[in-house]
Every structure is written in C-alpha cells, then in structure tokens.
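K.L.:
Input: one structure, supplied below.
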Amino acid sequence: MSETTADGGAASAATAGKTEAQLRKEKEREEKKKAKLAKFEEKKKAQAEKAAATGSSEKKTEKKSKKPAKEQEVIEYTANTAPGEKKDVLNVIPSSYSPQYVEKAWYSWWEKEGFFKPEYRHPGMAPRRGKFVIPIPPPNVTGSLHLGHALTNAIEDCLVRWHRMRGDETLWNPGCDHAGIATQVVVEKKLKRERNMTRHDVGREEFVKEVWKWKNEKGDRIYNQQKAMGCALDWDRACFTMDPKLSTAVKETFVRLHDDGTIYRSKRLVNWSTRLKSAIADIEVDKVELPGRTLLSVPGYEQKIEFGVLVSFAYHIHGEGEEGEIVVATTRVETMLGDTAVAVHPKDERYKHLHGKSVWHPFRKCAIPIVCDDFVEMDFGTGAVKITPAHDPNDYDVGHRHNLPFLTMLTDDGLISDICEEFKGMPRFKARYSVLDALKKEGLYRETKDHPMVVPVCSRSKDIVEPLIKPQWFCKCDQMASDAVNVVKSGELRIVPKMHEKTWFAWLENSRDWCISRQLWWGHRIPAYFVTFKDESKPKGEDTDGTYWVSGRSEEEARQRAAKKFDVAEVDVILSQDEDVLDTWFSSAIFPFSIFGWPEKTSDLEAFYPNSLLETGHDILFFWVARMVFFGTKLMGKLPFPEVYLHAMVRDAHGRKMSKSLGNVIDPLDVINGITLEGLHDQLRAGNLDPKEVERAIKGQKEDYPNGIPECGTDALRFALCAYTAQGRDINLDVNRVVGYRHFCNKMWNAAKFAQMSLGEDFKPAAEECLSGNESHMDKWILSRLAYAVDEVNSGFEKYEFPTATTACYNFWLYELCDVYLEAIKPVIFSSDEVAKSASRNVLYTCLDNGLRLLAPFMPFVTEELFQRLPKRSENVPPSICVCPFPEKMSYRDEAVEADIQFVQRVVHAIRSMKTEYLTPKDRPQVFVTCSTDEVAATTRTYNSQICVLGGAKELAVLQGVAAPTGCTMLSISDKIQVHMMIKGLIDISKEIDKQQSKLQRLTGQIEKLNKDMAKADYETKVPEKVRQANTAKLEQTKQEVTAIETAIAALKLID
C-alpha cells in the first residue's frame, strides 16, 4: 500500500469518536479566537486613525525588532573558602551552569591535597598499573597563554588525568624556558623605556641581574595561566632552564660532548640577525613568501624596502683580447659586492668557450673566475649564477668545492664592510639601491622583473636574516641523526600520526651540524675558555681554531685541563671564557632528564627516566624532539621516550593562519572569560601593528565576532580543542563551537539537577555497582550505551584519537542520557512502583557517576562540582574525581536491547517529524502504528509507553491487518511499519493545503529557473565546475522537496 493510499484509506471525520462536551468546548475555542481577531482588527484601525490625526502619513512597514537574545546568567561563588580549602558544596545547586561559579576554588584544593603528585595514594584509587611520565614542552618565560599552549595543555592534561585515574603512577613535570633572545629583547626594551639605557651601558653582570629581576616579577604569569586551564602539574617539581640544577646539567652536557669531539669550534655560515647581532636558530626564522614585487618594512629603515624582484646585470669577460659578457641574476643585488666567481653548468654549450676564463668585478676592480658546477640549472634564467660564498648556503658549498675566497661584505650590524671603498659603511638596503644605480652608470644593468621568493625574517626582531660566516660552536649531528632515523624505522620510537615519519627522515637524513652559539648575554654562558700563556714565546692560537679552546665545569677545572693539554703549569695559563651563550634549544634538548637532577643519580631520575610520551606540535619535530632523541640516546644510553604524539596547528574558522594583522588571533582567556567586541579592538590598538593593519584587523574582528566572544569557561574550551584534534589535520577553530560545548555543560548541569531531585535526599546507592534484576528495558539500554561509551573513550585515549573519546562522551550525555533516558524514566520516577523506581534510581546514579568520570579528563571543573554533589557508594571513595578509578570495560552491553531502542527512536522520530509539520510541541495526538509482522507489532507493544512519552503522544494503538482511522497523516518507517498521526480536528486542513501549495509554487519557480540557466548554450563552458555541481545538487534536492510536498498535499486533500 502506498503512502497516499494508506492516508486516503482512513475513513470519516475525526468528530466521529468525540463526545458532545468535547465538541462544545471546540466550538467555544473557535468563538474566542474569532473574538480576539475582531478586537485586534479594531485596535489596528484605531491606531491608523490616530496616526492620521497627528499628520503622520507614513505606513509602518518594519516589524518590531526581536528581543535581544537572553544573556547567559553569571552566577558567582561567594562562600568564604580559603585558598587550599575544599569548596562548599552543601549549598543548593545553582539554577544554571555558570563557569565563574563552577571553576572557583577547586584548583588550589587539588594542589594542596597533592592529587597531582605521583606519590599520592588512596585506598579507593584504581590498583597500580605502571608509570606515565610526560614533561611539558616548556613555554617561554616571556610568554602568555595562546591557543597553541591551550591545545598542548588540553591534550596533555586529559592524557595525564586519564592515566592517573586508571591507576598509573603519573607525573606531568612543569617547566619554563629561559628563552634567550625573547627575554633579552623584552628586558632591553624595558631598560630603554625606563632608564634610556642599553645593555652595554649597564654592563653584562648588571644586565643579567635586571633579567633575573624581571623573571622573578613576571615569570610566573604563564604558570598561573596553566593553573587557570586546570593543568594537573606537579608544581613542586617545576623547573626553570636557568635554575642551578639545570645549569649544572647544561655544563655537563657541553663538557662531555666537547671531550668526545661531538662539539667543536669552526667558522661557518649561520643565520645572522643584524638587529640582535646574534646567530639565531632556524625555527626563529619566519619564511615569508612573496608572490612578486613587495615593499616590506625593515627595522632601522624609514622607507620600505623592495623585495620579490630579480635583477639581471652583466659581468664583462676579462682578459687580453676577450670580448663579450655573461649575464647573471639575483634577488639581493647588494651581495654582488662579495661575489668571488660566476658558475655555469659544465654541459651548457652556451658557455663552453668560457671554461677556465674570468670576468671583471666592476667595483672591486679585480678578476673573478668562471667555474663549472653541476648545481647550476641550465634552464633557469641565463644559466649563469653569481657565487657569493660568504653570504649564501648554496654558494658556500660551491666555494668549498672550488676553493674560492670567502669575502664577507657585511658587518655584524648590517653595514657594508671595507671590501669595497665606494660603499663602505653604507646600510645594506641603502646599498641595494646604490649598487643598482652604480651598475646602471657602468652600463651593466639589464633588467628587473617580478620574482616569487621567500624572505627570511627574524621572528624576534622582524629584521631580515642574513647568512654570515662566523666562528661559532657546532654540534656534530651526522651519527646522532642516523641513529634517530634507525630507531623510528625499527619501531623502537613511534611517531603519531605516522605521516610525520616522512618529515623526520627528510630532515635527519639531510641534517647539517647544529650551530649552538648565540651572541647574547642572557642564557647559559658557554663553558669554554680560550687559552693563552704568560710565556709569550709559546705559539698563539686563533679564535677560530678549536685547538686553543678547553671546556670545564668550572674555570678551575678548565685551567687544570689546559695545563695538562699544553704541558704547562696552571699558573702560566691565561683563560678567557667565551662571551657567547648556548642556543636555548641546547638546554631544552636535555629537558627529559635534566629536570630529574642528572648528572646526579637521583631517585627521580631512576624512577621517571625514560619518560612515557612526548606530546607537542609538529612544527618543532626537528628543533626539539629530534634533539632530545640525540642527547637522550648519547648521554643516557636510552631513548628519552618510546612515543611521540604530534598535534596539529590551530587556525581560525576560515582555515587561515592565526595572525595579529588579520585580527583572528584568539587569546584563550578571552574565550574562557568572554570579551566584548570593543575589548577585542582595544587589544589590537594596544599592540604594535601598523595603523592600516589595525584597520584591517578590526574589520576582520567585526565579521567574525560581531557580538564579541561570550564567556565559555575552561571546560568548554578544553573539550572543544580535544574534539577538534583529528590526527593529521590542522584545527580550524570556530568559537561558536566552543559556545556549543558551554551549552553542553549546561545540559549536564540540568541533568544533574534532575537527578538530584529524582534520587531524593535520602537516596543511598548500592555499595557495589551491580544489577538488581528489576531493571527495565530502558534501564538496560542506557547501561548498554554507557558500556559502549566506556569502550570508545578508552580506545580514543589509547590511540590518541581524541575526537573518538569526546564524541562518545557527548553522545552519551546529550543524545542518550538527557534526550532519551531521563525523559523515558520520568513516569517511573513519579510513579508509585517502588521496585521500578529503586532500579531506575540506581541505574541513573551509575550513569551519572561513570559519565562524570568519563568526562573528568576533558572537563575537570564541572565534573568535580557535580561529582561532589552526588552521594557516595561507600566511605572508601576517593575525595576527588581526579583520583577516582576511570571506568573500564563493563558487562552491560546488550545489543538486542539497543536494536529495540533504535527501532523505538525511529518511531519517535516519525511522530516528532509529523508534529513539527502540523502541530505544536504541546499537542498530544493519537498515534496508530500499522505493523505487517508479529515481531514488529510485539516490539511496538513492549515499548508503547516509552514511545508515547518520548514522542509526545496521547496514546498509541498497534494495528495488524486493520487500516488506521481517517483523518491521519502518515510516515512510512519501512515496509513493515507505518506511523499514522491523527490531525483532523487539530488543524485547519484547508489552510495547511494553502501553505503547502505556496511552498510548491515557490519551489517550482526555482526548478524552472535552474533548468533555464542550465539549458543555456554556453553553460558547460562558462560556468565553473563547482557551480555546475552545486546547481545539479540543488535541482535534485528541490525536486525531492516538490515530490514530498505533492504527496503531503494529496494526503491532506483526502483528509479534507
């Protein structure tokens, strides 16, 4: 039987079964409606007359503006709870969820009770399983919490809490990095601002004191923010990379590696910041991609400097009787002052006649050779390349291969050196234009054209980074890199997601030696000493010569080593300690064991090394993770951890990189506490952005956050970040989704309130979690879904698939516990059946207790608040949810019951869909279910009351072999079951038909327009493929809507 026939087969008017009193009441309701309508028309007429009398001729065409959305209620915790004391939960639970109330007071109590320490034990905790140790990626002491930190904190904290609840001896070790460059820059600016002095004015010793003073005043900011995020860190073990314990480890590392030749002194090419006057790490260099000609602001220059162009110029062939020229091109024309050769490919026929010849340098007035090298790309440009060995990594290698001179054309502060008198002392980018003008005067300039390029920018100073040759300390990486490759290939070290292995291999198989020197004052001063002698007859060494350098854990030890090395008396040795400090990443590389007191054999080192896991962002896989593997294996003989989990990068809702100039940088505390749009604007204005960038950023904020950012709370932010963390994908964070999880917290809150009322004040849960035998089908179903959620959450944690875990928690709480089970048991809770009530209450308690524990790693604050308000099974329950046993595999799984309830939900969905289409939520219609098999009919009868409760039906009749009464609308669930809902007498059928016909007319017009557009001759060629695909999908969808409406109209006409 088709749907139309089924509906049409229903017989006469709905009034057939109504009493005389019911008919009379319906007539009275209709008369009241008519009276109200007449009164409304009279009121409108009077208002129109009044407007005319006052001279107003304008018609009111605008609707009243909607009432503003109800703001979320802010409830504050006002009890007088001293820091470290337990929060008062004996008071009445607030009417709604408020993060400010919930997150107050818990953290200081957790900390004081020692719940975050690996030594903490309680009889009610899960049995000891093993150990879980994870060091925090130490944030910069200068930093404040940003979304990258928040993501790291959220992921690591939920892992730590999960392991602790499962019974592992758990340690999450906090720490903070001294951040050499960043901290020095901050304090130098402060010194300039407050005292108008430079670090050189105050001297090294005084400046370092100033930095320590600043650190002691401001350095705890990031720790306090981590506490606000709920991070379960063992603060008694907090480490700062400049603390004496870690400084000792740094010296030990340097001395040992210098002794075995891993660390050596050499003159090589480094990344140089002329602004900082220091070498910098690769990670401190931002690669700015330019599409072509671009003017960039450079510190120290009033005018913007041109980048993204390729300048071609000629060198004349040199030699008696030689003529002609060879044209080269460069994006840094000023570096031609340091050219010492021109290279061509040995197989390039165009230049074979020039092999072994030279060209004339127009400004240095000397000849430079033409060399043949395979690195030259014959098809690029002219096929000839200028070689500046002292200022380009590729040219550096060419210079060594051909034994070329290495001429430094820049000073440390970015001025042209004395290599060329004409340009000596000129700032490098002013020289760029001067060299170009000079080439034009010499007739050597050929052309300038746009050229996409990558500009290296110092992330700290925003200066353009220059490759410079400097005498520095280097760390040999070849063998350590090879070992690091092998441990991943063998499976000894596991990288998750696996796709990052490719990056690991690419970096390490092509790794260069690591420059570990930094020309700073703040940091670990290199424990190396240059040796000279009081006896002037002794040969003197060069600064670049590693032979005359010794290292030592102290100056005394270095002196002893020097005396022994050079066979002189200690009193004859003169030592000068290197002024430089070590790269910040050097101390970070030993973090997994330096925090435990190495090189001393401490109990912590024995207990907690190796660590269990390293979790961090994939952007520092090489700069930090690989180096920890290097040094851990080298110095400890063991990998520092067996697993590395790399999370993705956080982007905005549109997939764009977070950038202050776009106005899309989100401070996690603004999401936690909320902020107005004007507040967001004020943050931009207080920054260092260019006025035009501020204007663009403000526009972006208006588009993305028109009403500012509402208060979401810590739990919602943490949950959102974990829910977003799908392996291998960047995170496009939409604040609206965080707001959604705040609503989820409110749903939980309301469920707990209902539970508190349903359980009653005298409720005492069973001492053991077990079934009584009196559980209903719905009780068994929710326990089965709980068991499924437990399996999914544990599996998600084990595999680092956090969205699996968050989805399981979310679905259980929202769609199963709140939307289905709590609604289904309301009649039971308010009934007089004490046996059924007792069973449902215990099941409800089991679900709440385990459901909160499942969520606790993600949402520590709200789960603690609600857990504390639940009655306890025994006195042996741990004092905090964060040390309670985590739910493990349960025996409640019942797939047969789950299949039944899935069927029930399909029937309920059909009823709700029809109610949405024709009635109001308050209406309680009669429902008839026609079944073609005994099995389906029996299942429907079994769950009759639950279907009525969940579907909002007055009553439900199961029909077999009998047609449903007339006056019903119908939805077919399958060939075995159809759901009919009585609507005659509840709605005006003719008006409903008119409404549906209006929809039909509008959709038919859309179909005609789409068909007309798609029939155009040039449609396939002119309209983009994506648009054509969207049009095809829209046409198909609209046709389906038309079919559904035509079916509905036909059914309504049969009823009418």
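Going through the structure tokens in order, the chains are called A, B, and so on, while each chain numbers its residues from 1 and the ligands are numbered from 1 in the order shown.
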Just list the residues in stretch 227-362 of chain A DSSP gives helix (DSSP H, G or I) on the backbone, as a ChimeraX atom specification.

P.N.:
/A:227-228,235-237,244-259,282-284,333-338,349-354

K.L.:
Would you kindly return, as a PyMOL selection string, each protein, DNA or RNA residue with an atom no farther than 10 Å from any atom of stretch 175-177 of chain A, considering only C-alpha atoms and excluding same-chain residues fewer than 6 positions away?

P.N.:
chain A and resi 135-143+183+219-220+222-223+233+235+237-242+584-585+587-588+591+595

K.L.:
Atom CA of A:Glu643 and atom CA of A:Val793, how far apart in Å?

P.N.:
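Separation of atom CA of A:Val793 and atom CA of A:Glu643: 20.0 Å.
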
K.L.:
For atom CA of A:Gly356 and atom CA of A:Ile370, determine how far apart the two atoms are, in Å to one decimal place.

P.N.:
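Calculated distance between atom CA of A:Gly356 and atom CA of A:Ile370 is 6.2 Å.
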
K.L.:
Would you mind listing, for every residue of stretch 772-860 of chain A within 10 Å of stretch 873-888 of chain A, the two atoms forming the shortest contact and the distance between them in Å to one decimal, using only C-alpha atoms, sorted by chain and ascending residue number, as JSON lines?

P.N.:
```
{"residue": "A:Leu786", "atom": "CA", "partner": "A:Pro887", "partner_atom": "CA", "distance": 9.7}
{"residue": "A:Ala787", "atom": "CA", "partner": "A:Glu888", "partner_atom": "CA", "distance": 8.6}
{"residue": "A:Ala789", "atom": "CA", "partner": "A:Pro887", "partner_atom": "CA", "distance": 9.8}
{"residue": "A:Val790", "atom": "CA", "partner": "A:Pro887", "partner_atom": "CA", "distance": 6.3}
{"residue": "A:Asp791", "atom": "CA", "partner": "A:Glu888", "partner_atom": "CA", "distance": 7.4}
{"residue": "A:Val793", "atom": "CA", "partner": "A:Pro887", "partner_atom": "CA", "distance": 9.4}
{"residue": "A:Asn794", "atom": "CA", "partner": "A:Glu888", "partner_atom": "CA", "distance": 7.7}
{"residue": "A:Tyr845", "atom": "CA", "partner": "A:Arg873", "partner_atom": "CA", "distance": 9.9}
{"residue": "A:Asp849", "atom": "CA", "partner": "A:Pro887", "partner_atom": "CA", "distance": 9.5}
{"residue": "A:Asn850", "atom": "CA", "partner": "A:Pro887", "partner_atom": "CA", "distance": 6.3}
{"residue": "A:Gly851", "atom": "CA", "partner": "A:Pro887", "partner_atom": "CA", "distance": 8.7}
{"residue": "A:Leu852", "atom": "CA", "partner": "A:Ile881", "partner_atom": "CA", "distance": 8.3}
{"residue": "A:Arg853", "atom": "CA", "partner": "A:Phe886", "partner_atom": "CA", "distance": 6.1}
{"residue": "A:Leu854", "atom": "CA", "partner": "A:Pro887", "partner_atom": "CA", "distance": 6.8}
{"residue": "A:Leu855", "atom": "CA", "partner": "A:Phe886", "partner_atom": "CA", "distance": 9.8}
{"residue": "A:Ala856", "atom": "CA", "partner": "A:Cys882", "partner_atom": "CA", "distance": 6.8}
{"residue": "A:Pro857", "atom": "CA", "partner": "A:Cys882", "partner_atom": "CA", "distance": 7.7}
{"residue": "A:Pro860", "atom": "CA", "partner": "A:Cys882", "partner_atom": "CA", "distance": 7.4}
```

K.L.:
Take the residues from that selection and put them in a file with all heavy atoms, as a compact mmCIF listing (two decimals), in the first residue's frame.

P.N.:
```
# COMPACT_ATOMS: atom_id res chain seq x y z
N LEU A 786 26.19 3.12 28.04
CA LEU A 786 27.29 3.52 28.92
C LEU A 786 28.50 2.61 28.66
O LEU A 786 29.63 3.10 28.53
CB LEU A 786 26.87 3.45 30.38
CG LEU A 786 27.98 3.67 31.42
CD1 LEU A 786 28.56 5.08 31.31
CD2 LEU A 786 27.45 3.43 32.84
N ALA A 787 28.27 1.32 28.58
CA ALA A 787 29.36 0.37 28.33
C ALA A 787 30.03 0.67 26.99
O ALA A 787 31.27 0.60 26.87
CB ALA A 787 28.83 -1.06 28.35
N ALA A 789 30.12 3.63 25.48
CA ALA A 789 30.86 4.88 25.63
C ALA A 789 32.19 4.65 26.35
O ALA A 789 33.22 5.22 25.96
CB ALA A 789 30.01 5.90 26.41
N VAL A 790 32.19 3.80 27.36
CA VAL A 790 33.42 3.50 28.10
C VAL A 790 34.46 2.89 27.16
O VAL A 790 35.64 3.28 27.16
CB VAL A 790 33.13 2.54 29.28
CG1 VAL A 790 34.43 1.99 29.86
CG2 VAL A 790 32.34 3.27 30.36
N ASP A 791 34.03 1.94 26.33
CA ASP A 791 34.95 1.31 25.37
C ASP A 791 35.51 2.34 24.39
O ASP A 791 36.71 2.33 24.08
CB ASP A 791 34.23 0.20 24.59
CG ASP A 791 33.94 -1.01 25.46
OD1 ASP A 791 34.51 -1.11 26.57
OD2 ASP A 791 33.12 -1.85 25.03
N VAL A 793 35.76 5.67 24.70
CA VAL A 793 36.62 6.67 25.33
C VAL A 793 38.00 6.08 25.60
O VAL A 793 39.03 6.71 25.28
CB VAL A 793 35.99 7.21 26.64
CG1 VAL A 793 36.98 8.12 27.36
CG2 VAL A 793 34.71 7.98 26.33
N ASN A 794 38.05 4.89 26.16
CA ASN A 794 39.35 4.27 26.43
C ASN A 794 40.11 4.00 25.14
O ASN A 794 41.33 4.21 25.07
CB ASN A 794 39.16 2.98 27.23
CG ASN A 794 38.93 3.25 28.71
OD1 ASN A 794 39.64 4.03 29.33
ND2 ASN A 794 37.91 2.62 29.27
N TYR A 845 22.05 6.69 38.91
CA TYR A 845 23.25 7.01 39.67
C TYR A 845 24.49 6.43 38.99
O TYR A 845 25.52 7.11 38.85
CB TYR A 845 23.14 6.48 41.10
CG TYR A 845 24.40 6.74 41.90
CD1 TYR A 845 24.58 7.95 42.57
CD2 TYR A 845 25.44 5.80 41.94
CE1 TYR A 845 25.74 8.20 43.28
CE2 TYR A 845 26.60 6.05 42.64
CZ TYR A 845 26.75 7.25 43.31
OH TYR A 845 27.91 7.51 43.98
N ASP A 849 27.54 8.76 37.78
CA ASP A 849 28.85 8.55 38.39
C ASP A 849 29.89 8.21 37.32
O ASP A 849 30.96 8.84 37.24
CB ASP A 849 28.75 7.43 39.42
CG ASP A 849 30.05 7.22 40.18
OD1 ASP A 849 30.75 8.22 40.45
OD2 ASP A 849 30.38 6.06 40.49
N ASN A 850 29.58 7.24 36.48
CA ASN A 850 30.53 6.84 35.44
C ASN A 850 30.62 7.88 34.33
O ASN A 850 31.69 8.10 33.76
CB ASN A 850 30.13 5.48 34.85
CG ASN A 850 30.47 4.34 35.78
OD1 ASN A 850 31.62 3.93 35.88
ND2 ASN A 850 29.46 3.81 36.47
N GLY A 851 29.50 8.50 34.02
CA GLY A 851 29.51 9.53 32.98
C GLY A 851 30.38 10.72 33.35
O GLY A 851 31.10 11.27 32.50
N LEU A 852 30.35 11.12 34.61
CA LEU A 852 31.21 12.20 35.08
C LEU A 852 32.68 11.80 35.04
O LEU A 852 33.55 12.59 34.67
CB LEU A 852 30.81 12.64 36.50
CG LEU A 852 29.47 13.38 36.62
CD1 LEU A 852 29.12 13.58 38.09
CD2 LEU A 852 29.53 14.72 35.90
N ARG A 853 32.96 10.55 35.42
CA ARG A 853 34.35 10.08 35.39
C ARG A 853 34.88 10.03 33.95
O ARG A 853 36.05 10.33 33.72
CB ARG A 853 34.46 8.70 36.04
CG ARG A 853 34.12 8.72 37.53
CD ARG A 853 34.34 7.37 38.17
NE ARG A 853 33.67 7.28 39.48
CZ ARG A 853 34.07 6.51 40.47
NH1 ARG A 853 35.15 5.78 40.33
NH2 ARG A 853 33.40 6.47 41.60
N LEU A 854 34.02 9.63 33.01
CA LEU A 854 34.43 9.62 31.60
C LEU A 854 34.82 11.01 31.13
O LEU A 854 35.76 11.19 30.36
CB LEU A 854 33.28 9.09 30.73
CG LEU A 854 33.03 7.59 30.70
CD1 LEU A 854 31.84 7.29 29.78
CD2 LEU A 854 34.25 6.83 30.23
N LEU A 855 34.08 11.99 31.59
CA LEU A 855 34.31 13.37 31.15
C LEU A 855 35.40 14.09 31.94
O LEU A 855 35.92 15.11 31.49
CB LEU A 855 33.01 14.18 31.29
CG LEU A 855 32.13 14.30 30.05
CD1 LEU A 855 30.84 15.01 30.42
CD2 LEU A 855 32.83 15.06 28.94
N ALA A 856 35.75 13.56 33.10
CA ALA A 856 36.67 14.27 34.00
C ALA A 856 38.00 14.67 33.37
O ALA A 856 38.48 15.78 33.61
CB ALA A 856 36.90 13.45 35.27
N PRO A 857 38.64 13.83 32.55
CA PRO A 857 39.90 14.26 31.96
C PRO A 857 39.75 15.48 31.06
O PRO A 857 40.68 16.29 30.95
CB PRO A 857 40.35 13.03 31.15
CG PRO A 857 39.69 11.88 31.82
CD PRO A 857 38.37 12.41 32.26
N PRO A 860 37.56 19.03 33.86
CA PRO A 860 37.83 18.74 35.28
C PRO A 860 36.98 19.53 36.26
O PRO A 860 36.68 19.04 37.35
CB PRO A 860 39.32 19.08 35.43
CG PRO A 860 39.62 20.04 34.32
CD PRO A 860 38.73 19.63 33.19
```

K.L.:
Tell me, as a PyMOL selection string, which residues lie within 10 Å of A:Ile698, counting only C-alpha atoms; anything in the same chain fewer than 5 positions away does not count.

P.N.:
chain A and resi 661-664+677-678+680-682+684-685+692-693+703-704

K.L.:
Quick one: everything within 10 Å of A:Val1023, counting only C-alpha atoms, minus sequence neighbours fewer than 5 positions away in the same chain. Send it as a ChimeraX atom specification.

P.N.:
/A:1014,1018,1028

K.L.:
Which distance in Å separates atom CA of A:Ala808 and atom CA of A:Cys158, to one decimal?

P.N.:
15.0 Å

K.L.:
Would you give me, as a short mmCIF file (atom, residue, chain, number, x, y, z; two decimals) with all heavy atoms, in the first residue's frame, the residues in stretch 583-682 of chain A that DSSP reads as strand (DSSP E)?

P.N.:
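Below you can see states-v2.cif, which holds the result:
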```
data_model
loop_
_atom_site.label_atom_id
_atom_site.label_comp_id
_atom_site.auth_asym_id
_atom_site.auth_seq_id
_atom_site.Cartn_x
_atom_site.Cartn_y
_atom_site.Cartn_z
N LEU A 614 56.16 11.96 24.62
CA LEU A 614 56.44 13.36 24.35
C LEU A 614 55.31 13.86 23.46
O LEU A 614 55.07 13.31 22.38
CB LEU A 614 57.79 13.53 23.65
CG LEU A 614 58.38 14.96 23.52
CD1 LEU A 614 57.72 15.76 22.40
CD2 LEU A 614 58.24 15.74 24.84
N GLU A 615 54.59 14.86 23.92
CA GLU A 615 53.48 15.43 23.16
C GLU A 615 53.80 16.88 22.85
O GLU A 615 54.16 17.65 23.75
CB GLU A 615 52.18 15.33 23.96
CG GLU A 615 50.91 15.60 23.16
CD GLU A 615 50.67 17.08 22.86
OE1 GLU A 615 51.12 17.92 23.66
OE2 GLU A 615 50.05 17.40 21.84
N THR A 616 53.69 17.26 21.58
CA THR A 616 53.97 18.65 21.22
C THR A 616 53.45 18.92 19.82
O THR A 616 52.86 18.05 19.18
CB THR A 616 55.50 18.93 21.30
OG1 THR A 616 55.73 20.32 21.16
CG2 THR A 616 56.25 18.18 20.21
N GLY A 617 53.66 20.14 19.32
CA GLY A 617 53.23 20.49 17.97
C GLY A 617 54.21 19.96 16.94
O GLY A 617 55.41 19.86 17.20
N GLU A 643 57.36 7.04 22.60
CA GLU A 643 56.32 7.54 21.70
C GLU A 643 56.36 9.05 21.62
O GLU A 643 56.64 9.73 22.61
CB GLU A 643 54.92 7.12 22.19
CG GLU A 643 54.55 5.69 21.89
CD GLU A 643 53.09 5.42 22.20
OE1 GLU A 643 52.65 5.77 23.32
OE2 GLU A 643 52.39 4.87 21.35
N VAL A 644 56.02 9.55 20.43
CA VAL A 644 55.87 10.99 20.22
C VAL A 644 54.51 11.22 19.58
O VAL A 644 54.21 10.63 18.53
CB VAL A 644 56.96 11.55 19.28
CG1 VAL A 644 56.74 13.03 19.02
CG2 VAL A 644 58.34 11.32 19.86
N TYR A 645 53.65 12.01 20.24
CA TYR A 645 52.37 12.37 19.63
C TYR A 645 52.44 13.84 19.23
O TYR A 645 52.72 14.72 20.06
CB TYR A 645 51.19 12.15 20.58
CG TYR A 645 49.90 12.68 20.00
CD1 TYR A 645 49.30 12.03 18.92
CD2 TYR A 645 49.32 13.85 20.48
CE1 TYR A 645 48.14 12.54 18.35
CE2 TYR A 645 48.17 14.36 19.91
CZ TYR A 645 47.58 13.69 18.85
OH TYR A 645 46.44 14.20 18.27
N LEU A 646 52.19 14.11 17.95
CA LEU A 646 52.30 15.48 17.42
C LEU A 646 50.91 16.00 17.06
O LEU A 646 50.22 15.44 16.20
CB LEU A 646 53.19 15.48 16.17
CG LEU A 646 54.61 14.94 16.39
CD1 LEU A 646 55.30 14.68 15.05
CD2 LEU A 646 55.43 15.93 17.22
N HIS A 647 50.51 17.06 17.75
CA HIS A 647 49.20 17.62 17.44
C HIS A 647 49.29 18.62 16.29
O HIS A 647 50.38 19.07 15.91
CB HIS A 647 48.56 18.26 18.67
CG HIS A 647 49.30 19.44 19.22
ND1 HIS A 647 49.90 19.41 20.47
CD2 HIS A 647 49.56 20.67 18.72
CE1 HIS A 647 50.48 20.58 20.69
NE2 HIS A 647 50.29 21.36 19.64
N VAL A 650 46.69 25.22 15.17
CA VAL A 650 45.38 25.85 15.31
C VAL A 650 45.26 27.01 14.31
O VAL A 650 46.11 27.89 14.25
CB VAL A 650 45.18 26.40 16.75
CG1 VAL A 650 43.79 26.98 16.90
CG2 VAL A 650 45.41 25.31 17.77
N ARG A 651 44.19 26.95 13.52
CA ARG A 651 43.89 28.04 12.59
C ARG A 651 42.53 28.62 12.94
O ARG A 651 41.82 28.10 13.80
CB ARG A 651 43.91 27.53 11.14
CG ARG A 651 45.28 27.02 10.69
CD ARG A 651 45.26 26.49 9.28
NE ARG A 651 46.59 26.06 8.85
CZ ARG A 651 47.49 26.84 8.29
NH1 ARG A 651 47.18 28.12 8.06
NH2 ARG A 651 48.67 26.39 7.94
N ASP A 652 42.14 29.70 12.24
CA ASP A 652 40.84 30.30 12.56
C ASP A 652 39.73 29.51 11.85
O ASP A 652 39.99 28.53 11.14
CB ASP A 652 40.81 31.79 12.21
CG ASP A 652 40.77 32.07 10.71
OD1 ASP A 652 40.70 31.12 9.91
OD2 ASP A 652 40.80 33.26 10.34
#
```

K.L.:
Residues near A:Glu761, anyone? I mean within 10 Å using only C-alpha atoms, not counting same-chain ones fewer than 4 positions away, as an MDAnalysis selection string.

P.N.:
chainID A and resid 756:757 871

K.L.:
Selected residues, N, CA, C and O atoms, written as an mmCIF file, in the first residue's frame, please.

P.N.:
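The new file again-v8.cif reads:
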```
data_model
loop_
_atom_site.group_PDB
_atom_site.id
_atom_site.type_symbol
_atom_site.label_atom_id
_atom_site.label_comp_id
_atom_site.auth_asym_id
_atom_site.auth_seq_id
_atom_site.Cartn_x
_atom_site.Cartn_y
_atom_site.Cartn_z
ATOM 1 N N GLN A 756 19.341 14.897 41.034
ATOM 2 C CA GLN A 756 19.325 15.204 42.473
ATOM 3 C C GLN A 756 17.888 15.144 42.999
ATOM 4 O O GLN A 756 17.621 14.587 44.068
ATOM 5 N N MET A 757 16.969 15.699 42.218
ATOM 6 C CA MET A 757 15.560 15.678 42.605
ATOM 7 C C MET A 757 15.004 14.251 42.529
ATOM 8 O O MET A 757 14.259 13.795 43.409
ATOM 9 N N PRO A 871 25.752 11.493 46.060
ATOM 10 C CA PRO A 871 26.006 10.622 47.222
ATOM 11 C C PRO A 871 27.045 9.569 46.832
ATOM 12 O O PRO A 871 27.232 9.265 45.654
#
```

K.L.:
Have a look at A:Pro706, A:Leu404, A:Thr274, A:Thr294 and name the one nearest to A:Pro427; count only C-alpha atoms.

P.N.:
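The shortest atom-to-atom distance to A:Pro427 comes from A:Thr274.
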
K.L.:
Using only C-alpha atoms, determine which residues lie at most 10 Å from A:Asp413, disregarding the query and same-chain residues fewer than 4 positions distant; provide the list as a list in words.

P.N.:
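Contacts, with the query itself left out: Trp272, Ser273, Thr274, Arg275, Leu276, Lys277, Ser278, Pro427 and Arg428 of chain A.
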
K.L.:
Can you pull out every residue within 10 Å of A:Leu870, counting only C-alpha atoms, but drop anything in the same chain fewer than 3 positions away, and send it as a ChimeraX atom specification?

P.N.:
/A:752,755-756,759,763-765,845,848-849,865-867,873

K.L.:
Which one is closest to A:Trp360: A:Arg737, A:His777, A:Lys489, A:His318? Count only C-alpha atoms.

P.N.:
A:His318

K.L.:
Of the residues A:Lys922, A:Arg1002, A:Lys991, A:Lys1053, which is the one nearest to A:Gly967, using only C-alpha atoms?

P.N.:
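Residue with the minimum atom-to-atom distance to A:Gly967: A:Lys1053.
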
K.L.:
Go through A:Thr806, A:Gln303, A:Gln946, A:Ser551 one by one, measure the shortest atom-to-atom distance of each to A:Gly261 using only C-alpha atoms, and give the residue with the smallest value.

P.N.:
A:Ser551
